[in-house]
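Pasting entry.cif here (mmCIF, C-alpha atoms):
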```cif
data_work
#
loop_
_atom_site.group_PDB
_atom_site.id
_atom_site.type_symbol
_atom_site.label_atom_id
_atom_site.label_comp_id
_atom_site.auth_asym_id
_atom_site.auth_seq_id
_atom_site.Cartn_x
_atom_site.Cartn_y
_atom_site.Cartn_z
ATOM 1 C CA MET A 4 -41.119 34.278 -33.914
ATOM 2 C CA GLY A 5 -43.486 31.494 -33.124
ATOM 3 C CA ASP A 6 -43.539 30.332 -36.705
ATOM 4 C CA PRO A 7 -43.302 26.541 -36.537
ATOM 5 C CA SER A 8 -41.068 26.611 -39.600
ATOM 6 C CA THR A 9 -38.409 28.460 -37.640
ATOM 7 C CA GLU A 10 -36.029 26.999 -35.119
ATOM 8 C CA PRO A 11 -37.223 27.121 -31.514
ATOM 9 C CA GLU A 12 -35.505 29.650 -29.287
ATOM 10 C CA VAL A 13 -35.165 27.086 -26.512
ATOM 11 C CA ARG A 14 -34.866 23.347 -26.938
ATOM 12 C CA LEU A 15 -34.494 20.548 -24.370
ATOM 13 C CA GLU A 16 -33.945 16.894 -25.181
ATOM 14 C CA MET A 17 -34.476 14.362 -22.411
ATOM 15 C CA PHE A 18 -34.916 10.671 -21.879
ATOM 16 C CA SER A 19 -38.302 9.423 -20.721
ATOM 17 C CA GLN A 20 -37.234 9.371 -17.089
ATOM 18 C CA PRO A 21 -39.384 10.911 -14.335
ATOM 19 C CA LYS A 22 -36.304 12.160 -12.499
ATOM 20 C CA PHE A 23 -35.891 14.832 -15.178
ATOM 21 C CA LEU A 24 -39.398 16.254 -14.775
ATOM 22 C CA ALA A 25 -38.284 18.827 -12.215
ATOM 23 C CA ALA A 26 -35.585 20.145 -14.551
ATOM 24 C CA ALA A 27 -38.053 20.436 -17.431
ATOM 25 C CA ARG A 28 -40.515 22.284 -15.193
ATOM 26 C CA ALA A 29 -37.803 24.659 -14.021
ATOM 27 C CA LEU A 30 -36.726 25.461 -17.568
ATOM 28 C CA VAL A 31 -40.230 26.102 -18.862
ATOM 29 C CA GLY A 32 -41.193 28.120 -15.796
ATOM 30 C CA SER A 33 -38.088 30.257 -16.120
ATOM 31 C CA VAL A 34 -38.727 30.994 -19.799
ATOM 32 C CA ALA A 35 -42.359 31.845 -19.063
ATOM 33 C CA GLN A 36 -41.290 34.206 -16.311
ATOM 34 C CA ARG A 37 -38.907 36.014 -18.652
ATOM 35 C CA LEU A 38 -41.722 36.457 -21.157
ATOM 36 C CA GLY A 39 -43.796 38.270 -18.548
ATOM 37 C CA PHE A 40 -46.111 35.605 -17.190
ATOM 38 C CA ASN A 41 -46.870 36.033 -13.499
ATOM 39 C CA GLU A 42 -45.874 33.533 -10.836
ATOM 40 C CA ILE A 43 -49.187 31.684 -10.870
ATOM 41 C CA GLN A 44 -49.199 31.449 -14.651
ATOM 42 C CA CYS A 45 -45.592 30.213 -14.691
ATOM 43 C CA GLY A 46 -46.487 27.487 -12.214
ATOM 44 C CA GLN A 47 -49.501 26.470 -14.249
ATOM 45 C CA ILE A 48 -47.585 26.388 -17.535
ATOM 46 C CA SER A 49 -44.937 24.225 -15.868
ATOM 47 C CA LEU A 50 -47.700 21.943 -14.587
ATOM 48 C CA ALA A 51 -49.171 21.580 -18.078
ATOM 49 C CA VAL A 52 -45.757 20.570 -19.430
ATOM 50 C CA ASP A 53 -45.260 18.165 -16.508
ATOM 51 C CA GLU A 54 -48.592 16.497 -17.240
ATOM 52 C CA ALA A 55 -47.759 16.194 -20.926
ATOM 53 C CA LEU A 56 -44.386 14.623 -20.152
ATOM 54 C CA CYS A 57 -45.956 12.218 -17.644
ATOM 55 C CA ASN A 58 -48.332 11.042 -20.353
ATOM 56 C CA VAL A 59 -45.482 10.478 -22.796
ATOM 57 C CA ILE A 60 -43.463 8.572 -20.194
ATOM 58 C CA THR A 61 -46.351 6.534 -18.794
ATOM 59 C CA HIS A 62 -48.457 5.829 -21.864
ATOM 60 C CA GLY A 63 -46.349 6.645 -24.888
ATOM 61 C CA TYR A 64 -43.215 4.850 -23.755
ATOM 62 C CA ASP A 65 -44.991 2.558 -21.274
ATOM 63 C CA ARG A 66 -42.531 3.729 -18.575
ATOM 64 C CA ARG A 67 -39.484 2.719 -20.596
ATOM 65 C CA CYS A 68 -36.587 4.958 -19.596
ATOM 66 C CA ASP A 69 -34.809 5.083 -22.968
ATOM 67 C CA GLY A 70 -37.373 7.011 -24.990
ATOM 68 C CA ARG A 71 -36.505 10.395 -26.465
ATOM 69 C CA ILE A 72 -38.550 13.490 -25.721
ATOM 70 C CA TRP A 73 -37.991 16.922 -27.221
ATOM 71 C CA ILE A 74 -39.363 20.104 -25.684
ATOM 72 C CA LYS A 75 -39.244 23.197 -27.899
ATOM 73 C CA LEU A 76 -40.225 26.703 -26.906
ATOM 74 C CA TRP A 77 -41.091 29.692 -29.056
ATOM 75 C CA PRO A 78 -41.893 33.111 -27.587
ATOM 76 C CA LEU A 79 -44.869 34.586 -29.443
ATOM 77 C CA VAL A 80 -44.480 38.308 -29.979
ATOM 78 C CA ALA A 81 -46.938 39.282 -32.692
ATOM 79 C CA ASP A 82 -50.510 40.455 -32.062
ATOM 80 C CA MET A 83 -51.066 37.886 -29.325
ATOM 81 C CA PRO A 84 -47.876 37.537 -27.309
ATOM 82 C CA GLY A 85 -47.349 34.379 -25.371
ATOM 83 C CA LEU A 86 -45.497 31.100 -25.351
ATOM 84 C CA LYS A 87 -45.725 28.197 -27.749
ATOM 85 C CA ILE A 88 -44.564 24.808 -26.478
ATOM 86 C CA VAL A 89 -44.071 21.758 -28.670
ATOM 87 C CA ILE A 90 -43.392 18.340 -27.128
ATOM 88 C CA GLU A 91 -42.390 15.567 -29.487
ATOM 89 C CA ASP A 92 -41.567 11.910 -28.957
ATOM 90 C CA LEU A 93 -40.965 8.693 -30.822
ATOM 91 C CA ALA A 94 -43.447 6.715 -28.774
ATOM 92 C CA GLN A 95 -46.387 4.718 -30.045
ATOM 93 C CA GLN A 96 -48.807 6.710 -32.149
ATOM 94 C CA VAL A 97 -52.438 7.076 -31.180
ATOM 95 C CA ASP A 98 -55.420 8.659 -32.857
ATOM 96 C CA PRO A 99 -55.443 12.254 -31.566
ATOM 97 C CA ALA A 100 -59.237 12.130 -31.434
ATOM 98 C CA THR A 101 -59.036 9.522 -28.687
ATOM 99 C CA ILE A 102 -57.016 11.783 -26.398
ATOM 100 C CA ARG A 103 -59.751 13.355 -24.342
ATOM 101 C CA PRO A 104 -60.256 14.431 -20.750
ATOM 102 C CA ARG A 105 -62.194 12.004 -18.638
ATOM 103 C CA ASP A 106 -65.430 12.629 -16.822
ATOM 104 C CA LEU A 107 -64.475 14.572 -13.704
ATOM 105 C CA ASN A 108 -67.632 13.408 -11.954
ATOM 106 C CA GLU A 109 -65.992 10.023 -11.760
ATOM 107 C CA VAL A 110 -63.625 10.321 -8.818
ATOM 108 C CA ARG A 111 -60.819 7.896 -9.409
ATOM 109 C CA PRO A 112 -57.022 7.986 -9.525
ATOM 110 C CA GLY A 113 -55.457 9.077 -12.793
ATOM 111 C CA GLY A 114 -56.823 10.424 -16.020
ATOM 112 C CA LEU A 115 -56.519 14.101 -15.119
ATOM 113 C CA GLY A 116 -53.565 15.147 -17.241
ATOM 114 C CA VAL A 117 -55.376 16.104 -20.434
ATOM 115 C CA HIS A 118 -58.033 17.965 -18.479
ATOM 116 C CA ILE A 119 -55.371 19.942 -16.617
ATOM 117 C CA MET A 120 -53.534 20.830 -19.831
ATOM 118 C CA ARG A 121 -56.723 22.021 -21.506
ATOM 119 C CA GLU A 122 -57.764 24.056 -18.470
ATOM 120 C CA ILE A 123 -54.419 25.828 -18.220
ATOM 121 C CA MET A 124 -53.393 26.357 -21.834
ATOM 122 C CA ASP A 125 -55.255 28.315 -24.500
ATOM 123 C CA GLU A 126 -54.553 25.789 -27.239
ATOM 124 C CA VAL A 127 -53.735 22.072 -26.956
ATOM 125 C CA THR A 128 -53.297 20.056 -30.138
ATOM 126 C CA TYR A 129 -52.105 16.488 -30.596
ATOM 127 C CA GLU A 130 -50.977 15.120 -33.945
ATOM 128 C CA ARG A 131 -49.011 12.202 -35.282
ATOM 129 C CA ARG A 132 -45.467 12.991 -36.380
ATOM 130 C CA SER A 133 -44.645 11.970 -39.903
ATOM 131 C CA GLY A 134 -41.420 10.371 -38.700
ATOM 132 C CA GLY A 135 -43.130 8.392 -35.945
ATOM 133 C CA GLY A 136 -44.279 9.342 -32.482
ATOM 134 C CA MET A 137 -46.567 12.161 -31.440
ATOM 135 C CA ARG A 138 -46.413 15.945 -31.384
ATOM 136 C CA LEU A 139 -48.212 18.027 -28.781
ATOM 137 C CA THR A 140 -48.492 21.756 -29.382
ATOM 138 C CA MET A 141 -49.621 23.999 -26.554
ATOM 139 C CA ILE A 142 -50.000 27.768 -26.599
ATOM 140 C CA LYS A 143 -50.460 30.099 -23.667
ATOM 141 C CA ARG A 144 -51.298 33.703 -24.419
ATOM 142 C CA LEU A 145 -49.888 36.440 -22.236
ATOM 143 C CA ARG A 146 -52.591 38.451 -20.570
ATOM 144 C CA PRO A 147 -52.149 41.312 -18.128
ATOM 145 C CA VAL A 148 -54.531 39.728 -15.649
ATOM 146 C CA GLN A 149 -55.091 36.044 -15.011
ATOM 147 C CA THR A 150 -58.645 35.124 -15.925
ATOM 148 C CA ALA A 151 -60.242 31.913 -14.768
ATOM 149 C CA LYS A 152 -61.645 29.755 -17.497
ATOM 150 C CA SER A 153 -65.165 28.457 -17.264
ATOM 151 C CA PRO A 154 -65.160 24.835 -16.241
ATOM 152 C CA ALA A 155 -65.480 22.508 -19.158
ATOM 153 C CA PRO A 156 -68.786 20.631 -19.215
ATOM 154 C CA PRO A 157 -68.601 17.078 -17.920
ATOM 155 C CA THR A 158 -67.853 14.628 -20.658
ATOM 156 C CA SER A 159 -69.955 11.848 -19.262
ATOM 157 C CA GLY A 160 -69.375 8.545 -20.880
ATOM 158 C CA GLN A 161 -66.097 9.634 -22.407
ATOM 159 C CA SER A 162 -62.908 8.186 -21.131
ATOM 160 C CA GLU A 163 -59.383 8.729 -22.217
ATOM 161 C CA LEU A 164 -57.704 6.238 -24.359
ATOM 162 C CA ASN A 165 -54.003 5.743 -23.781
ATOM 163 C CA HIS A 166 -53.392 9.134 -22.256
ATOM 164 C CA GLU A 167 -54.280 10.654 -18.924
ATOM 165 C CA MET B 28 -29.117 6.817 -7.231
ATOM 166 C CA SER B 29 -32.732 6.098 -6.504
ATOM 167 C CA ASP B 30 -35.235 8.056 -8.569
ATOM 168 C CA ALA B 31 -37.379 8.600 -5.524
ATOM 169 C CA GLN B 32 -35.072 10.252 -3.037
ATOM 170 C CA GLU B 33 -36.353 13.767 -3.367
ATOM 171 C CA LEU B 34 -39.403 13.392 -1.138
ATOM 172 C CA GLU B 35 -39.143 12.930 2.602
ATOM 173 C CA ILE B 36 -42.128 12.051 4.739
ATOM 174 C CA GLN B 37 -42.214 12.807 8.444
ATOM 175 C CA THR B 38 -44.816 11.127 10.622
ATOM 176 C CA GLU B 39 -46.310 12.119 13.949
ATOM 177 C CA SER B 40 -48.598 9.950 16.017
ATOM 178 C CA ILE B 41 -51.747 11.535 17.390
ATOM 179 C CA ASP B 42 -54.454 10.158 19.678
ATOM 180 C CA ASP B 43 -56.560 8.560 16.977
ATOM 181 C CA GLY B 44 -54.119 8.240 14.110
ATOM 182 C CA VAL B 45 -51.189 9.860 12.411
ATOM 183 C CA ILE B 46 -50.074 13.053 10.720
ATOM 184 C CA LEU B 47 -48.006 12.656 7.540
ATOM 185 C CA ARG B 48 -45.810 15.566 6.534
ATOM 186 C CA PRO B 49 -44.367 15.151 3.029
ATOM 187 C CA LEU B 50 -41.502 17.531 2.400
ATOM 188 C CA GLY B 51 -40.690 18.308 -1.210
ATOM 189 C CA GLU B 52 -42.242 18.376 -4.655
ATOM 190 C CA ILE B 53 -44.565 15.491 -5.484
ATOM 191 C CA ASP B 54 -44.539 14.346 -9.091
ATOM 192 C CA LEU B 55 -44.364 11.111 -11.061
ATOM 193 C CA ASN B 56 -40.793 10.646 -9.858
ATOM 194 C CA CYS B 57 -41.658 10.393 -6.194
ATOM 195 C CA ALA B 58 -45.402 9.796 -5.895
ATOM 196 C CA ALA B 59 -44.559 6.216 -4.930
ATOM 197 C CA VAL B 60 -42.913 7.513 -1.751
ATOM 198 C CA LEU B 61 -46.134 9.245 -0.770
ATOM 199 C CA ARG B 62 -48.131 6.138 -1.709
ATOM 200 C CA GLU B 63 -45.997 3.968 0.565
ATOM 201 C CA GLY B 64 -46.252 6.470 3.411
ATOM 202 C CA LEU B 65 -50.016 6.531 3.096
ATOM 203 C CA ARG B 66 -50.192 2.753 2.864
ATOM 204 C CA GLN B 67 -48.246 2.359 6.070
ATOM 205 C CA ALA B 68 -50.363 4.978 7.803
ATOM 206 C CA GLN B 69 -53.623 3.365 6.692
ATOM 207 C CA ASP B 70 -52.595 -0.247 7.280
ATOM 208 C CA GLY B 71 -53.580 -0.186 10.925
ATOM 209 C CA GLN B 72 -56.943 1.361 10.063
ATOM 210 C CA PRO B 73 -56.480 4.381 12.338
ATOM 211 C CA GLY B 74 -59.373 6.681 13.072
ATOM 212 C CA ARG B 75 -57.692 9.588 11.312
ATOM 213 C CA VAL B 76 -54.924 10.240 8.807
ATOM 214 C CA VAL B 77 -53.901 13.872 8.360
ATOM 215 C CA VAL B 78 -51.735 14.820 5.393
ATOM 216 C CA ASP B 79 -50.036 18.126 6.157
ATOM 217 C CA LEU B 80 -49.079 19.585 2.776
ATOM 218 C CA GLY B 81 -47.416 22.701 4.155
ATOM 219 C CA GLY B 82 -44.035 21.411 2.999
ATOM 220 C CA VAL B 83 -45.165 20.595 -0.520
ATOM 221 C CA PRO B 84 -44.598 23.502 -2.915
ATOM 222 C CA TYR B 85 -45.632 21.549 -6.017
ATOM 223 C CA MET B 86 -47.800 18.573 -6.886
ATOM 224 C CA ASP B 87 -48.835 17.149 -10.241
ATOM 225 C CA SER B 88 -51.643 14.744 -11.037
ATOM 226 C CA SER B 89 -49.481 11.792 -9.967
ATOM 227 C CA GLY B 90 -49.598 13.109 -6.404
ATOM 228 C CA VAL B 91 -53.277 13.894 -6.680
ATOM 229 C CA ALA B 92 -53.972 10.372 -7.931
ATOM 230 C CA THR B 93 -52.092 8.961 -4.945
ATOM 231 C CA LEU B 94 -54.269 10.965 -2.578
ATOM 232 C CA VAL B 95 -57.412 9.828 -4.416
ATOM 233 C CA GLU B 96 -56.291 6.229 -3.902
ATOM 234 C CA ALA B 97 -55.845 6.963 -0.197
ATOM 235 C CA MET B 98 -59.282 8.537 -0.051
ATOM 236 C CA GLN B 99 -60.801 5.397 -1.535
ATOM 237 C CA VAL B 100 -59.026 3.286 1.080
ATOM 238 C CA ALA B 101 -60.206 5.668 3.798
ATOM 239 C CA ARG B 102 -63.800 5.342 2.660
ATOM 240 C CA ARG B 103 -63.580 1.546 2.665
ATOM 241 C CA THR B 104 -62.100 1.471 6.143
ATOM 242 C CA SER B 105 -64.119 4.326 7.643
ATOM 243 C CA THR B 106 -60.948 6.291 8.317
ATOM 244 C CA LYS B 107 -60.927 10.079 8.235
ATOM 245 C CA LEU B 108 -58.503 11.407 5.628
ATOM 246 C CA ILE B 109 -57.916 15.120 6.012
ATOM 247 C CA LEU B 110 -55.613 17.347 3.950
ATOM 248 C CA CYS B 111 -54.306 20.550 5.467
ATOM 249 C CA ALA B 112 -51.989 23.531 4.969
ATOM 250 C CA MET B 113 -52.104 23.407 1.170
ATOM 251 C CA GLN B 114 -49.953 25.964 -0.593
ATOM 252 C CA ASP B 115 -51.680 27.963 -3.324
ATOM 253 C CA LYS B 116 -50.005 26.112 -6.212
ATOM 254 C CA VAL B 117 -51.087 22.773 -4.797
ATOM 255 C CA ARG B 118 -54.610 23.966 -4.066
ATOM 256 C CA SER B 119 -54.779 25.142 -7.678
ATOM 257 C CA ILE B 120 -54.486 21.622 -9.092
ATOM 258 C CA PHE B 121 -57.191 20.334 -6.763
ATOM 259 C CA GLU B 122 -59.442 23.140 -7.970
ATOM 260 C CA ILE B 123 -58.656 22.482 -11.635
ATOM 261 C CA ALA B 124 -59.447 18.795 -11.104
ATOM 262 C CA ARG B 125 -62.522 19.785 -9.065
ATOM 263 C CA LEU B 126 -61.309 17.628 -6.215
ATOM 264 C CA ASP B 127 -61.305 20.471 -3.705
ATOM 265 C CA ILE B 128 -64.947 19.664 -3.043
ATOM 266 C CA VAL B 129 -64.308 15.929 -2.744
ATOM 267 C CA PHE B 130 -61.513 15.941 -0.173
ATOM 268 C CA SER B 131 -61.751 17.165 3.384
ATOM 269 C CA ILE B 132 -59.372 20.149 3.286
ATOM 270 C CA VAL B 133 -58.663 22.469 6.210
ATOM 271 C CA GLU B 134 -56.201 25.263 6.827
ATOM 272 C CA THR B 135 -54.062 23.914 9.663
ATOM 273 C CA ALA B 136 -52.932 20.642 11.192
ATOM 274 C CA GLU B 137 -54.490 21.700 14.499
ATOM 275 C CA GLU B 138 -57.828 22.074 12.778
ATOM 276 C CA ALA B 139 -57.395 18.699 11.068
ATOM 277 C CA VAL B 140 -56.675 16.980 14.373
ATOM 278 C CA SER B 141 -59.623 18.535 16.166
ATOM 279 C CA GLN B 142 -62.160 18.121 13.384
#
```

Spit out the file's structure as structure tokens when you get a sec.
Amino acid sequence: MGDPSTEPEVRLEMFSQPKFLAAARALVGSVAQRLGFNEIQCGQISLAVDEALCNVITHGYDRRCDGRIWIKLWPLVADMPGLKIVIEDLAQQVDPATIRPRDLNEVRPGGLGVHIMREIMDEVTYERRSGGGMRLTMIKRLRPVQTAKSPAPPTSGQSELNHE
Amino acid sequence: MSDAQELEIQTESIDDGVILRPLGEIDLNCAAVLREGLRQAQDGQPGRVVVDLGGVPYMDSSGVATLVEAMQVARRTSTKLILCAMQDKVRSIFEIARLDIVFSIVETAEEAVSQ
């Protein structure tokens, strides 16, 4: 399980419409709960997915409501159990290297999504899909006790391009 | 059906301003409702705007961004903007974004009104 070459155990396809965010959060949170994540972790994983979807809707599809988004979930059960989440779209492609968290010392609306995803999840990887659009892969490892991550150092001078 | 019907905002006038009580989850779908509520509350440049988040079980960065916008307006107009009664999940996103030290956040609406 968790092998990207295998079919996901859970799959959700949605249009790029904000009204479906709550349903996507509920699905992901429910799966995470069944895998053994605690309530706080489930909420945080759902938040990471929400932020990723908001970026696809807002930046990838420029708030168009007819874009396709696929959410795929794989339970990870080998040495490092957890949850692997892949979010794919057919939106405009961007250089993954330009998708970075912004400087948190700059207090302004927006631009927090990538930072939140990276703080919550253990792995966050963007790539271009060969068939068009982007693929985001996020992994959260299951740990018996929630451990706070050290804050990422400020990335002064860096700003996100295209994604928040 | 409107995409923004899932958030209700109750308002209560106080001596020097208003208390806003959003009820529901705040995400990209309904952040505009909160933005409009805050705009109306701040339009008259009251002395104080309290946002009671006790009825908000979930907020994503769209909601946070809306509150940051309101904070910027408050600073320009010398209005107090105070957040109160945050649930743990909501407080968590403020901490992750390191905005818990930027906003004025207190435990209760009573404390926010008397501060």

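Here atom CA of A:Asn41 and atom CA of A:Ile123 stand 13.5 Å from one another.
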
Enumerate, as a count of residues only, the residues matched when the PyMOL selection byres ((chain B) within 9 of (chain A)) is run on the file above.
28

Exercise for the section: For atom CA of A:Glu130 and atom CA of A:Leu76, quote the distance in Å rounded to one decimal. Expected result: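 Interatomic distance here is 17.3 Å.
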
Since I can't run it myself right now, could you work out what the PyMOL selection byres ((chain B and resi 140) around 10) selects here and report it as JSON, numbers by chain? {"B": [41, 42, 43, 44, 45, 46, 75, 76, 77, 109, 111, 135, 136, 137, 138, 139, 141, 142]}

List the residues selected by the PyMOL selection byres ((chain A and resi 144) around 6) in the file shown, writing them as a list in words.
Pro84, Gly85, Lys143 and Leu145 of chain A
